[in-house]
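**Student:** Contents of my_file_1.pdb (PDB, C-alpha atoms):
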```
ATOM      1  CA  MET A   1      36.527 205.647 -54.401  1.00  0.00           C
ATOM      2  CA  ILE A   2      37.287 202.792 -51.999  1.00  0.00           C
ATOM      3  CA  CYS A   3      39.355 199.925 -53.337  1.00  0.00           C
ATOM      4  CA  PHE A   4      40.000 196.406 -52.059  1.00  0.00           C
ATOM      5  CA  TYR A   5      42.694 196.736 -49.377  1.00  0.00           C
ATOM      6  CA  ILE A   6      45.830 194.772 -50.150  1.00  0.00           C
ATOM      7  CA  CYS A   7      48.895 196.970 -49.743  1.00  0.00           C
ATOM      8  CA  GLY A   8      50.050 200.446 -50.656  1.00  0.00           C
ATOM      9  CA  PRO A   9      51.683 199.726 -54.052  1.00  0.00           C
ATOM     10  CA  CYS A  10      48.906 197.331 -55.033  1.00  0.00           C
ATOM     11  CA  ILE A  11      46.237 199.936 -54.268  1.00  0.00           C
ATOM     12  CA  ILE A  12      48.075 202.386 -56.496  1.00  0.00           C
ATOM     13  CA  GLY A  13      48.181 199.804 -59.285  1.00  0.00           C
ATOM     14  CA  LEU A  14      44.510 198.980 -58.901  1.00  0.00           C
ATOM     15  CA  GLN A  15      43.539 202.633 -58.921  1.00  0.00           C
ATOM     16  CA  ARG A  16      45.633 203.110 -62.059  1.00  0.00           C
ATOM     17  CA  ARG A  17      43.714 200.315 -63.805  1.00  0.00           C
ATOM     18  CA  GLY A  18      40.306 201.333 -62.474  1.00  0.00           C
ATOM     19  CA  LEU A  19      39.866 197.984 -60.712  1.00  0.00           C
ATOM     20  CA  CYS A  20      37.944 199.295 -57.775  1.00  0.00           C
ATOM     21  CA  GLU A  21      34.797 198.238 -56.098  1.00  0.00           C
ATOM     22  CA  SER A  22      32.682 199.212 -59.109  1.00  0.00           C
ATOM     23  CA  GLU A  23      34.631 196.733 -61.281  1.00  0.00           C
ATOM     24  CA  GLY A  24      34.040 193.816 -58.975  1.00  0.00           C
ATOM     25  CA  VAL A  25      37.390 193.658 -57.161  1.00  0.00           C
ATOM     26  CA  ARG A  26      35.490 193.299 -53.943  1.00  0.00           C
ATOM     27  CA  ALA A  27      34.325 189.894 -55.211  1.00  0.00           C
ATOM     28  CA  VAL A  28      37.920 188.588 -55.295  1.00  0.00           C
ATOM     29  CA  ASN A  29      38.418 185.780 -52.808  1.00  0.00           C
ATOM     30  CA  PRO A  30      40.927 187.054 -50.216  1.00  0.00           C
ATOM     31  CA  LYS A  31      42.231 183.496 -49.770  1.00  0.00           C
ATOM     32  CA  ILE A  32      43.579 183.461 -53.336  1.00  0.00           C
ATOM     33  CA  ALA A  33      47.319 184.082 -53.323  1.00  0.00           C
ATOM     34  CA  PRO A  34      48.503 186.447 -56.082  1.00  0.00           C
ATOM     35  CA  THR A  35      50.839 183.979 -57.762  1.00  0.00           C
ATOM     36  CA  ARG A  36      51.448 183.085 -61.374  1.00  0.00           C
ATOM     37  CA  GLY A  37      50.299 179.539 -60.712  1.00  0.00           C
ATOM     38  CA  ASN A  38      46.918 180.782 -59.471  1.00  0.00           C
ATOM     39  CA  ALA A  39      46.729 183.134 -62.445  1.00  0.00           C
ATOM     40  CA  VAL A  40      47.161 180.176 -64.814  1.00  0.00           C
ATOM     41  CA  LYS A  41      44.506 178.192 -62.930  1.00  0.00           C
ATOM     42  CA  ILE A  42      42.026 181.076 -62.952  1.00  0.00           C
ATOM     43  CA  ALA A  43      42.679 181.736 -66.661  1.00  0.00           C
ATOM     44  CA  SER A  44      42.004 178.074 -67.438  1.00  0.00           C
ATOM     45  CA  SER A  45      38.848 178.120 -65.295  1.00  0.00           C
ATOM     46  CA  LEU A  46      37.709 181.332 -66.995  1.00  0.00           C
ATOM     47  CA  LYS A  47      38.196 179.813 -70.431  1.00  0.00           C
ATOM     48  CA  LEU A  48      36.208 176.735 -69.378  1.00  0.00           C
ATOM     49  CA  ALA A  49      33.407 178.901 -67.939  1.00  0.00           C
ATOM     50  CA  GLU A  50      33.134 180.943 -71.143  1.00  0.00           C
ATOM     51  CA  LYS A  51      33.074 177.764 -73.223  1.00  0.00           C
ATOM     52  CA  GLY A  52      30.388 176.307 -70.953  1.00  0.00           C
ATOM     53  CA  ARG A  53      28.351 179.481 -71.276  1.00  0.00           C
ATOM     54  CA  GLY A  54      28.507 179.215 -75.067  1.00  0.00           C
ATOM     55  CA  LEU A  55      27.416 175.584 -74.995  1.00  0.00           C
ATOM     56  CA  LEU A  56      24.533 176.371 -72.646  1.00  0.00           C
ATOM     57  CA  GLU A  57      23.389 179.194 -74.919  1.00  0.00           C
ATOM     58  CA  GLN A  58      23.418 176.786 -77.871  1.00  0.00           C
ATOM     59  CA  LYS A  59      21.441 174.287 -75.819  1.00  0.00           C
ATOM     60  CA  ARG A  60      18.907 176.946 -74.895  1.00  0.00           C
ATOM     61  CA  THR A  61      18.527 177.953 -78.551  1.00  0.00           C
ATOM     62  CA  ILE A  62      17.903 174.359 -79.644  1.00  0.00           C
ATOM     63  CA  LEU A  63      15.410 173.787 -76.833  1.00  0.00           C
ATOM     64  CA  LEU A  64      13.587 177.001 -77.704  1.00  0.00           C
ATOM     65  CA  MET A  65      13.280 175.896 -81.330  1.00  0.00           C
ATOM     66  CA  GLU A  66      11.916 172.525 -80.201  1.00  0.00           C
ATOM     67  CA  LEU A  67       9.545 174.209 -77.748  1.00  0.00           C
ATOM     68  CA  THR A  68       8.223 176.588 -80.408  1.00  0.00           C
ATOM     69  CA  GLY A  69       7.424 173.684 -82.724  1.00  0.00           C
ATOM     70  CA  ARG A  70       5.718 171.769 -79.933  1.00  0.00           C
ATOM     71  CA  ILE A  71       3.595 174.761 -78.918  1.00  0.00           C
ATOM     72  CA  ARG A  72       2.457 175.221 -82.516  1.00  0.00           C
ATOM     73  CA  GLU A  73       1.620 171.517 -82.715  1.00  0.00           C
ATOM     74  CA  ALA A  74      -0.288 171.685 -79.408  1.00  0.00           C
ATOM     75  CA  ARG A  75      -2.442 174.538 -80.684  1.00  0.00           C
ATOM     76  CA  GLU A  76      -3.295 172.625 -83.850  1.00  0.00           C
ATOM     77  CA  LEU A  77      -4.141 169.500 -81.835  1.00  0.00           C
ATOM     78  CA  GLN A  78      -6.337 171.482 -79.455  1.00  0.00           C
ATOM     79  CA  ALA A  79      -8.272 172.928 -82.387  1.00  0.00           C
ATOM     80  CA  SER A  80      -8.656 169.468 -83.950  1.00  0.00           C
ATOM     81  CA  LEU A  81      -9.645 167.942 -80.618  1.00  0.00           C
ATOM     82  CA  GLU A  82     -12.322 170.581 -80.094  1.00  0.00           C
ATOM     83  CA  ARG A  83     -13.794 169.853 -83.518  1.00  0.00           C
ATOM     84  CA  VAL A  84     -13.679 166.060 -83.064  1.00  0.00           C
ATOM     85  CA  PHE A  85     -15.139 166.354 -79.562  1.00  0.00           C
ATOM     86  CA  SER A  86     -18.025 168.354 -80.986  1.00  0.00           C
ATOM     87  CA  ASP A  87     -18.651 165.733 -83.682  1.00  0.00           C
ATOM     88  CA  ALA A  88     -18.415 162.891 -81.142  1.00  0.00           C
ATOM     89  CA  TYR A  89     -20.848 164.590 -78.791  1.00  0.00           C
ATOM     90  CA  PHE A  90     -23.293 165.219 -81.655  1.00  0.00           C
ATOM     91  CA  SER A  91     -23.038 161.545 -82.680  1.00  0.00           C
ATOM     92  CA  LEU A  92     -23.639 160.471 -79.069  1.00  0.00           C
ATOM     93  CA  GLN A  93     -26.720 162.679 -78.865  1.00  0.00           C
ATOM     94  CA  ALA A  94     -28.011 161.210 -82.139  1.00  0.00           C
ATOM     95  CA  ALA A  95     -27.475 157.678 -80.793  1.00  0.00           C
ATOM     96  CA  GLY A  96     -29.288 158.602 -77.582  1.00  0.00           C
ATOM     97  CA  LEU A  97     -32.246 159.991 -79.490  1.00  0.00           C
ATOM     98  CA  SER A  98     -32.356 156.966 -81.794  1.00  0.00           C
ATOM     99  CA  MET A  99     -31.877 154.158 -79.262  1.00  0.00           C
ATOM    100  CA  GLY A 100     -32.536 155.758 -75.911  1.00  0.00           C
ATOM    101  CA  ILE A 101     -29.908 157.151 -73.576  1.00  0.00           C
ATOM    102  CA  ASP A 102     -30.280 154.318 -71.050  1.00  0.00           C
ATOM    103  CA  HIS A 103     -29.666 151.663 -73.692  1.00  0.00           C
ATOM    104  CA  VAL A 104     -26.619 153.552 -75.016  1.00  0.00           C
ATOM    105  CA  GLU A 105     -25.232 153.824 -71.476  1.00  0.00           C
ATOM    106  CA  GLU A 106     -25.633 150.059 -70.934  1.00  0.00           C
ATOM    107  CA  LEU A 107     -23.790 149.352 -74.183  1.00  0.00           C
ATOM    108  CA  ALA A 108     -21.018 151.788 -73.195  1.00  0.00           C
ATOM    109  CA  TYR A 109     -20.235 149.668 -70.120  1.00  0.00           C
ATOM    110  CA  ALA A 110     -19.421 146.770 -72.446  1.00  0.00           C
ATOM    111  CA  ALA A 111     -16.613 148.716 -74.138  1.00  0.00           C
ATOM    112  CA  PRO A 112     -13.209 147.548 -72.802  1.00  0.00           C
ATOM    113  CA  GLU A 113     -10.731 149.997 -71.301  1.00  0.00           C
ATOM    114  CA  CYS A 114      -7.941 151.027 -73.633  1.00  0.00           C
ATOM    115  CA  ASP A 115      -4.623 150.660 -71.805  1.00  0.00           C
ATOM    116  CA  ASP A 116      -2.333 149.431 -74.564  1.00  0.00           C
ATOM    117  CA  PHE A 117      -0.572 152.728 -75.152  1.00  0.00           C
ATOM    118  CA  LYS A 118       3.081 152.383 -76.105  1.00  0.00           C
ATOM    119  CA  ILE A 119       5.288 155.237 -74.926  1.00  0.00           C
ATOM    120  CA  ARG A 120       8.862 155.675 -76.092  1.00  0.00           C
ATOM    121  CA  LEU A 121      11.369 158.341 -75.062  1.00  0.00           C
ATOM    122  CA  ARG A 122      13.426 160.588 -77.316  1.00  0.00           C
ATOM    123  CA  SER A 123      16.310 162.677 -76.007  1.00  0.00           C
ATOM    124  CA  VAL A 124      16.622 166.323 -77.070  1.00  0.00           C
ATOM    125  CA  MET A 125      19.758 167.884 -75.541  1.00  0.00           C
ATOM    126  CA  GLY A 126      19.387 165.669 -72.488  1.00  0.00           C
ATOM    127  CA  VAL A 127      15.609 166.201 -72.119  1.00  0.00           C
ATOM    128  CA  GLU A 128      13.526 163.035 -72.276  1.00  0.00           C
ATOM    129  CA  ILE A 129      10.630 163.699 -74.644  1.00  0.00           C
ATOM    130  CA  PRO A 130       7.788 161.112 -74.670  1.00  0.00           C
ATOM    131  CA  MET A 131       6.503 159.688 -77.932  1.00  0.00           C
ATOM    132  CA  VAL A 132       3.159 157.861 -77.930  1.00  0.00           C
ATOM    133  CA  ASP A 133       2.598 155.389 -80.731  1.00  0.00           C
ATOM    134  CA  PRO A 134      -0.477 156.317 -82.790  1.00  0.00           C
ATOM    135  CA  VAL A 135      -3.733 154.689 -81.741  1.00  0.00           C
ATOM    136  CA  ASP A 136      -4.687 153.617 -85.234  1.00  0.00           C
ATOM    137  CA  LYS A 137      -6.232 150.210 -84.639  1.00  0.00           C
ATOM    138  CA  PRO A 138      -9.480 149.667 -86.524  1.00  0.00           C
ATOM    139  CA  PRO A 139     -12.473 149.971 -84.213  1.00  0.00           C
ATOM    140  CA  THR A 140     -13.932 146.641 -83.144  1.00  0.00           C
ATOM    141  CA  PRO A 141     -17.336 147.161 -81.551  1.00  0.00           C
ATOM    142  CA  SER A 142     -17.844 145.179 -78.357  1.00  0.00           C
ATOM    143  CA  TYR A 143     -21.618 145.175 -78.622  1.00  0.00           C
ATOM    144  CA  SER A 144     -23.978 143.066 -80.653  1.00  0.00           C
ATOM    145  CA  PHE A 145     -25.459 144.311 -83.884  1.00  0.00           C
ATOM    146  CA  LEU A 146     -28.836 143.173 -82.624  1.00  0.00           C
ATOM    147  CA  GLY A 147     -30.745 146.105 -81.222  1.00  0.00           C
ATOM    148  CA  THR A 148     -28.218 148.689 -82.394  1.00  0.00           C
ATOM    149  CA  SER A 149     -27.917 150.918 -85.451  1.00  0.00           C
ATOM    150  CA  GLY A 150     -25.357 152.685 -87.580  1.00  0.00           C
ATOM    151  CA  VAL A 151     -25.752 155.838 -85.475  1.00  0.00           C
ATOM    152  CA  LEU A 152     -24.119 154.033 -82.532  1.00  0.00           C
ATOM    153  CA  ASP A 153     -21.332 152.816 -84.801  1.00  0.00           C
ATOM    154  CA  ALA A 154     -20.649 156.410 -85.853  1.00  0.00           C
ATOM    155  CA  ALA A 155     -20.546 157.529 -82.201  1.00  0.00           C
ATOM    156  CA  TYR A 156     -18.114 154.706 -81.384  1.00  0.00           C
ATOM    157  CA  SER A 157     -15.883 155.649 -84.309  1.00  0.00           C
ATOM    158  CA  ARG A 158     -15.835 159.308 -83.221  1.00  0.00           C
ATOM    159  CA  ALA A 159     -14.919 158.246 -79.689  1.00  0.00           C
ATOM    160  CA  ARG A 160     -11.896 156.342 -81.043  1.00  0.00           C
ATOM    161  CA  GLU A 161     -10.794 159.488 -82.883  1.00  0.00           C
ATOM    162  CA  VAL A 162     -11.071 161.457 -79.656  1.00  0.00           C
ATOM    163  CA  LEU A 163      -8.963 158.846 -77.853  1.00  0.00           C
ATOM    164  CA  ALA A 164      -6.203 159.049 -80.473  1.00  0.00           C
ATOM    165  CA  LEU A 165      -6.110 162.852 -80.321  1.00  0.00           C
ATOM    166  CA  ILE A 166      -6.057 162.873 -76.501  1.00  0.00           C
ATOM    167  CA  ALA A 167      -3.053 160.546 -76.495  1.00  0.00           C
ATOM    168  CA  ARG A 168      -1.267 162.756 -79.022  1.00  0.00           C
ATOM    169  CA  LEU A 169      -2.103 165.939 -77.117  1.00  0.00           C
ATOM    170  CA  ALA A 170      -0.884 164.425 -73.847  1.00  0.00           C
ATOM    171  CA  GLU A 171       2.439 163.641 -75.540  1.00  0.00           C
ATOM    172  CA  VAL A 172       2.837 167.193 -76.860  1.00  0.00           C
ATOM    173  CA  GLU A 173       1.806 168.934 -73.633  1.00  0.00           C
ATOM    174  CA  THR A 174       4.162 166.785 -71.565  1.00  0.00           C
ATOM    175  CA  SER A 175       6.960 167.628 -73.991  1.00  0.00           C
ATOM    176  CA  VAL A 176       6.176 171.347 -73.700  1.00  0.00           C
ATOM    177  CA  TYR A 177       6.292 171.176 -69.896  1.00  0.00           C
ATOM    178  CA  ARG A 178       9.602 169.314 -69.804  1.00  0.00           C
ATOM    179  CA  LEU A 179      11.201 171.580 -72.403  1.00  0.00           C
ATOM    180  CA  ALA A 180      10.052 174.735 -70.605  1.00  0.00           C
ATOM    181  CA  THR A 181      11.400 173.431 -67.293  1.00  0.00           C
ATOM    182  CA  GLN A 182      14.787 172.626 -68.822  1.00  0.00           C
ATOM    183  CA  ILE A 183      14.931 176.016 -70.564  1.00  0.00           C
ATOM    184  CA  ARG A 184      14.389 177.779 -67.224  1.00  0.00           C
ATOM    185  CA  ARG A 185      17.184 175.740 -65.635  1.00  0.00           C
ATOM    186  CA  THR A 186      19.520 176.431 -68.547  1.00  0.00           C
ATOM    187  CA  LEU A 187      18.731 180.147 -68.396  1.00  0.00           C
ATOM    188  CA  ARG A 188      19.569 180.234 -64.674  1.00  0.00           C
ATOM    189  CA  ARG A 189      22.897 178.537 -65.351  1.00  0.00           C
ATOM    190  CA  VAL A 190      23.727 180.924 -68.188  1.00  0.00           C
ATOM    191  CA  ASN A 191      22.921 183.919 -65.971  1.00  0.00           C
ATOM    192  CA  ALA A 192      25.034 182.500 -63.134  1.00  0.00           C
ATOM    193  CA  LEU A 193      28.011 182.081 -65.449  1.00  0.00           C
ATOM    194  CA  GLU A 194      27.534 185.411 -67.192  1.00  0.00           C
ATOM    195  CA  LYS A 195      26.815 187.585 -64.156  1.00  0.00           C
ATOM    196  CA  VAL A 196      28.663 185.847 -61.309  1.00  0.00           C
ATOM    197  CA  VAL A 197      31.310 183.314 -62.286  1.00  0.00           C
ATOM    198  CA  VAL A 198      32.891 184.974 -65.329  1.00  0.00           C
ATOM    199  CA  PRO A 199      33.022 188.531 -63.852  1.00  0.00           C
ATOM    200  CA  SER A 200      34.490 187.293 -60.556  1.00  0.00           C
ATOM    201  CA  GLN A 201      37.152 185.258 -62.323  1.00  0.00           C
ATOM    202  CA  ARG A 202      38.028 188.155 -64.613  1.00  0.00           C
ATOM    203  CA  ALA A 203      38.316 190.458 -61.596  1.00  0.00           C
ATOM    204  CA  ALA A 204      40.520 187.918 -59.780  1.00  0.00           C
ATOM    205  CA  LEU A 205      42.719 187.520 -62.838  1.00  0.00           C
ATOM    206  CA  ALA A 206      43.060 191.277 -63.240  1.00  0.00           C
ATOM    207  CA  TRP A 207      43.834 191.671 -59.530  1.00  0.00           C
ATOM    208  CA  ILE A 208      46.561 189.017 -59.645  1.00  0.00           C
ATOM    209  CA  ALA A 209      48.013 190.576 -62.785  1.00  0.00           C
ATOM    210  CA  GLY A 210      48.107 193.972 -61.078  1.00  0.00           C
ATOM    211  CA  VAL A 211      49.768 192.585 -57.959  1.00  0.00           C
ATOM    212  CA  LEU A 212      52.379 190.691 -59.988  1.00  0.00           C
ATOM    213  CA  GLU A 213      53.115 193.771 -62.053  1.00  0.00           C
ATOM    214  CA  GLU A 214      53.604 195.876 -58.938  1.00  0.00           C
ATOM    215  CA  ASN A 215      55.840 193.208 -57.423  1.00  0.00           C
ATOM    216  CA  ASP A 216      57.939 193.093 -60.570  1.00  0.00           C
ATOM    217  CA  ARG A 217      58.235 196.874 -60.518  1.00  0.00           C
ATOM    218  CA  GLU A 218      59.298 196.853 -56.857  1.00  0.00           C
ATOM    219  CA  ASP A 219      61.872 194.119 -57.549  1.00  0.00           C
ATOM    220  CA  PHE A 220      63.238 196.141 -60.455  1.00  0.00           C
ATOM    221  CA  ILE A 221      63.559 199.244 -58.247  1.00  0.00           C
ATOM    222  CA  ARG A 222      65.305 197.244 -55.492  1.00  0.00           C
ATOM    223  CA  MET A 223      67.786 195.752 -57.961  1.00  0.00           C
ATOM    224  CA  LYS A 224      68.486 199.194 -59.423  1.00  0.00           C
ATOM    225  CA  ILE A 225      69.054 200.668 -55.968  1.00  0.00           C
ATOM    226  CA  ALA A 226      71.258 197.707 -55.027  1.00  0.00           C
ATOM    227  CA  ARG A 227      73.434 198.220 -58.114  1.00  0.00           C
ATOM    228  CA  GLU A 228      73.757 201.954 -57.510  1.00  0.00           C
ATOM    229  CA  SER A 229      74.576 201.695 -53.763  1.00  0.00           C
ATOM    230  CA  PRO A 230      78.199 200.242 -54.104  1.00  0.00           C
ATOM    231  CA  SER A 231      79.164 202.857 -56.693  1.00  0.00           C
ATOM    232  CA  GLU A 232      77.965 205.673 -54.447  1.00  0.00           C
ATOM    233  CA  GLY A 233      79.874 204.148 -51.496  1.00  0.00           C
ATOM    234  CA  GLY A 234      83.126 203.979 -53.543  1.00  0.00           C
ATOM    235  CA  ALA A 235      82.738 207.562 -54.708  1.00  0.00           C
ATOM    236  CA  GLY A 236      82.367 208.723 -51.124  1.00  0.00           C
ATOM    237  CA  GLN A 237      85.641 207.086 -50.072  1.00  0.00           C
TER
END
```
Take the structure in this file and express it as structure tokens.

**Tutor:**
Amino acid sequence: MICFYICGPCIIGLQRRGLCESEGVRAVNPKIAPTRGNAVKIASSLKLAEKGRGLLEQKRTILLMELTGRIREARELQASLERVFSDAYFSLQAAGLSMGIDHVEELAYAAPECDDFKIRLRSVMGVEIPMVDPVDKPPTPSYSFLGTSGVLDAAYSRAREVLALIARLAEVETSVYRLATQIRRTLRRVNALEKVVVPSQRAALAWIAGVLEENDREDFIRMKIARESPSEGGAGQ
């Protein structure tokens, strides 16, 4: 068993406490002086790291709950969108059969582009989640009633439903992506604190405590020897 080399008494103390290479003593920064001041600083830093790890775990839990709800909502929207898409396509086919596909295509060019989406942001544990206002305006056909029929009106209405669902699905899928990205980052930070920062600080604190204890023991032995030396000298005379 090879321990971190410091000095003879310190090695004995570390071996006595089992603080060898397997316990992470090798990770102790050799530039850290084994003083009580550094021990206080490392203890304060360790307490802060453990508190930060707890907060990050709470953040991850909240984000996972939000992500689970968004994934469930995305699945429901995808199922609804598939059904509405099928109805819209059937209505478009019926309009093409009733009026002619070329005439329906010419009328489709008259429909204006819809670019009046309103997007707001909502913060969930620091993650900006988009919120798209519902596209619930009543459909206003941009074509004349002359030469058209109710079948085209039904196809236009179904297309507006598809547009509203696409906007909602885009909101949910973007939220899922952002939440998943933040969860991965939070998990990396938690692992760094749990597997690197906290163990290294605990090892450094234990190492300093061992060195200070050995120094105190050596000082006690020196003082005891110093008190006994004059009495032995007087007895010899």

**Student:** Could you tell me, as a PyMOL selection string, which residues have any atom at most 10 Å from (-1.7, 169.2, -79.0), counting all atoms listed in the file?

**Tutor:** chain A and resi 70-81+165-174+176

**Student:** Atom CA of A:Gly52 and atom CA of A:Leu121 are how many Å apart?

**Tutor:** 26.5 Å

**Student:** Given only C-alpha atoms as the basis, pick out the residue of A:Leu97, A:Leu212, A:Val127, A:Leu187 nearest to A:Val151.

**Tutor:**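 Residue with the minimum atom-to-atom distance to A:Val151: A:Leu97.
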
**Student:** Any chance you could work out the residue set of the PyMOL selection byres ((chain A and resi 197) around 12) here, as a list in words?

**Tutor:**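 On this input, the PyMOL selection byres ((chain A and resi 197) around 12) captures Gly24, Ala27, Val28, Ile42, Ser45, Leu46, Lys47, Leu48, Ala49, Glu50, Gly52, Arg53, Arg189, Val190, Asn191, Ala192, Leu193, Glu194, Lys195, Val196, Val198, Pro199, Ser200, Gln201, Arg202, Ala203 and Ala204 of chain A.
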
**Student:** Go ahead and save the picked residues with C-alpha atoms, as a PDB file, keeping the file's coordinate frame.

**Tutor:**
```pdb
ATOM      1  CA  GLY A  24      34.040 193.816 -58.975  1.00  0.00           C
ATOM      2  CA  ALA A  27      34.325 189.894 -55.211  1.00  0.00           C
ATOM      3  CA  VAL A  28      37.920 188.588 -55.295  1.00  0.00           C
ATOM      4  CA  ILE A  42      42.026 181.076 -62.952  1.00  0.00           C
ATOM      5  CA  SER A  45      38.848 178.120 -65.295  1.00  0.00           C
ATOM      6  CA  LEU A  46      37.709 181.332 -66.995  1.00  0.00           C
ATOM      7  CA  LYS A  47      38.196 179.813 -70.431  1.00  0.00           C
ATOM      8  CA  LEU A  48      36.208 176.735 -69.378  1.00  0.00           C
ATOM      9  CA  ALA A  49      33.407 178.901 -67.939  1.00  0.00           C
ATOM     10  CA  GLU A  50      33.134 180.943 -71.143  1.00  0.00           C
ATOM     11  CA  GLY A  52      30.388 176.307 -70.953  1.00  0.00           C
ATOM     12  CA  ARG A  53      28.351 179.481 -71.276  1.00  0.00           C
ATOM     13  CA  ARG A 189      22.897 178.537 -65.351  1.00  0.00           C
ATOM     14  CA  VAL A 190      23.727 180.924 -68.188  1.00  0.00           C
ATOM     15  CA  ASN A 191      22.921 183.919 -65.971  1.00  0.00           C
ATOM     16  CA  ALA A 192      25.034 182.500 -63.134  1.00  0.00           C
ATOM     17  CA  LEU A 193      28.011 182.081 -65.449  1.00  0.00           C
ATOM     18  CA  GLU A 194      27.534 185.411 -67.192  1.00  0.00           C
ATOM     19  CA  LYS A 195      26.815 187.585 -64.156  1.00  0.00           C
ATOM     20  CA  VAL A 196      28.663 185.847 -61.309  1.00  0.00           C
ATOM     21  CA  VAL A 198      32.891 184.974 -65.329  1.00  0.00           C
ATOM     22  CA  PRO A 199      33.022 188.531 -63.852  1.00  0.00           C
ATOM     23  CA  SER A 200      34.490 187.293 -60.556  1.00  0.00           C
ATOM     24  CA  GLN A 201      37.152 185.258 -62.323  1.00  0.00           C
ATOM     25  CA  ARG A 202      38.028 188.155 -64.613  1.00  0.00           C
ATOM     26  CA  ALA A 203      38.316 190.458 -61.596  1.00  0.00           C
ATOM     27  CA  ALA A 204      40.520 187.918 -59.780  1.00  0.00           C
TER      28      ALA A 204
END
```

**Student:** Considering only C-alpha atoms, return as number ranges by chain whatever protein or nucleic-acid residues lie within 9 Å of stretch 85-96 of chain A, sequence-local ones (same chain, fewer than 3 positions apart) excluded.

**Tutor:** A: 80-82, 99-105, 149-159, 161-162

**Student:** So which one's closest to A:Arg178, A:Thr35, A:Ala108, A:Lys41, A:Val124? Using only C-alpha atoms, please.

**Tutor:**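 Answer, going by the shortest atom-to-atom distance: A:Val124.
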
**Student:** Let me have the centre and edge lengths of the axis-aligned box enclosing all listed atoms of stretch 213-229 of chain A with 8 Å padding on every side, in Å to one decimal, as AutoDock Vina command-line options.

**Tutor:**
```
--center_x 63.8 --center_y 197.5 --center_z -57.9 --size_x 37.5 --size_y 24.9 --size_z 24.3
```

**Student:** Run the PyMOL selection byres ((chain A and resi 209) around 12) against the file shown and list the residues it catches, as a list in words.

**Tutor:**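 That selection, the PyMOL selection byres ((chain A and resi 209) around 12), comes back as Cys10, Gly13, Leu14, Arg17, Leu19, Ala33, Pro34, Thr35, Arg36, Gly37, Asn38, Ala39, Val40, Ile42, Ala43, Arg202, Ala203, Ala204, Leu205, Ala206, Trp207, Ile208, Gly210, Val211, Leu212, Glu213, Glu214, Asn215 and Asp216 of chain A.
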
**Student:** By how many Å are atom CA of A:Ile183 and atom CA of A:Asp133 apart?

**Tutor:**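 Here the two named atoms are 26.1 Å from each other.
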
**Student:** Pick the closest to A:Leu56 from A:Lys118, A:Arg83, A:Arg188, A:Arg160: which is it, counting all atoms listed in the file?

**Tutor:**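 Ranked by minimum distance to A:Leu56, first place goes to A:Arg188.
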
**Student:** To one decimal place, how far is atom CA of A:Asp116 from atom CA of A:Thr181 in Å?

**Tutor:**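 These two atoms are separated by 28.6 Å.
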
**Student:** So, counting all atoms listed in the file, which residue among A:Glu106, A:Thr68, A:Ala226, A:Leu179 is closest to A:Ser123?

**Tutor:** A:Leu179

**Student:** Considering only C-alpha atoms, state which residue in the set A:Gly69, A:Gly54, A:Gly126, A:Pro134 is at the smallest distance from A:Gln182.

**Tutor:**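 Using only C-alpha atoms, A:Gln182 sits closest to A:Gly126.
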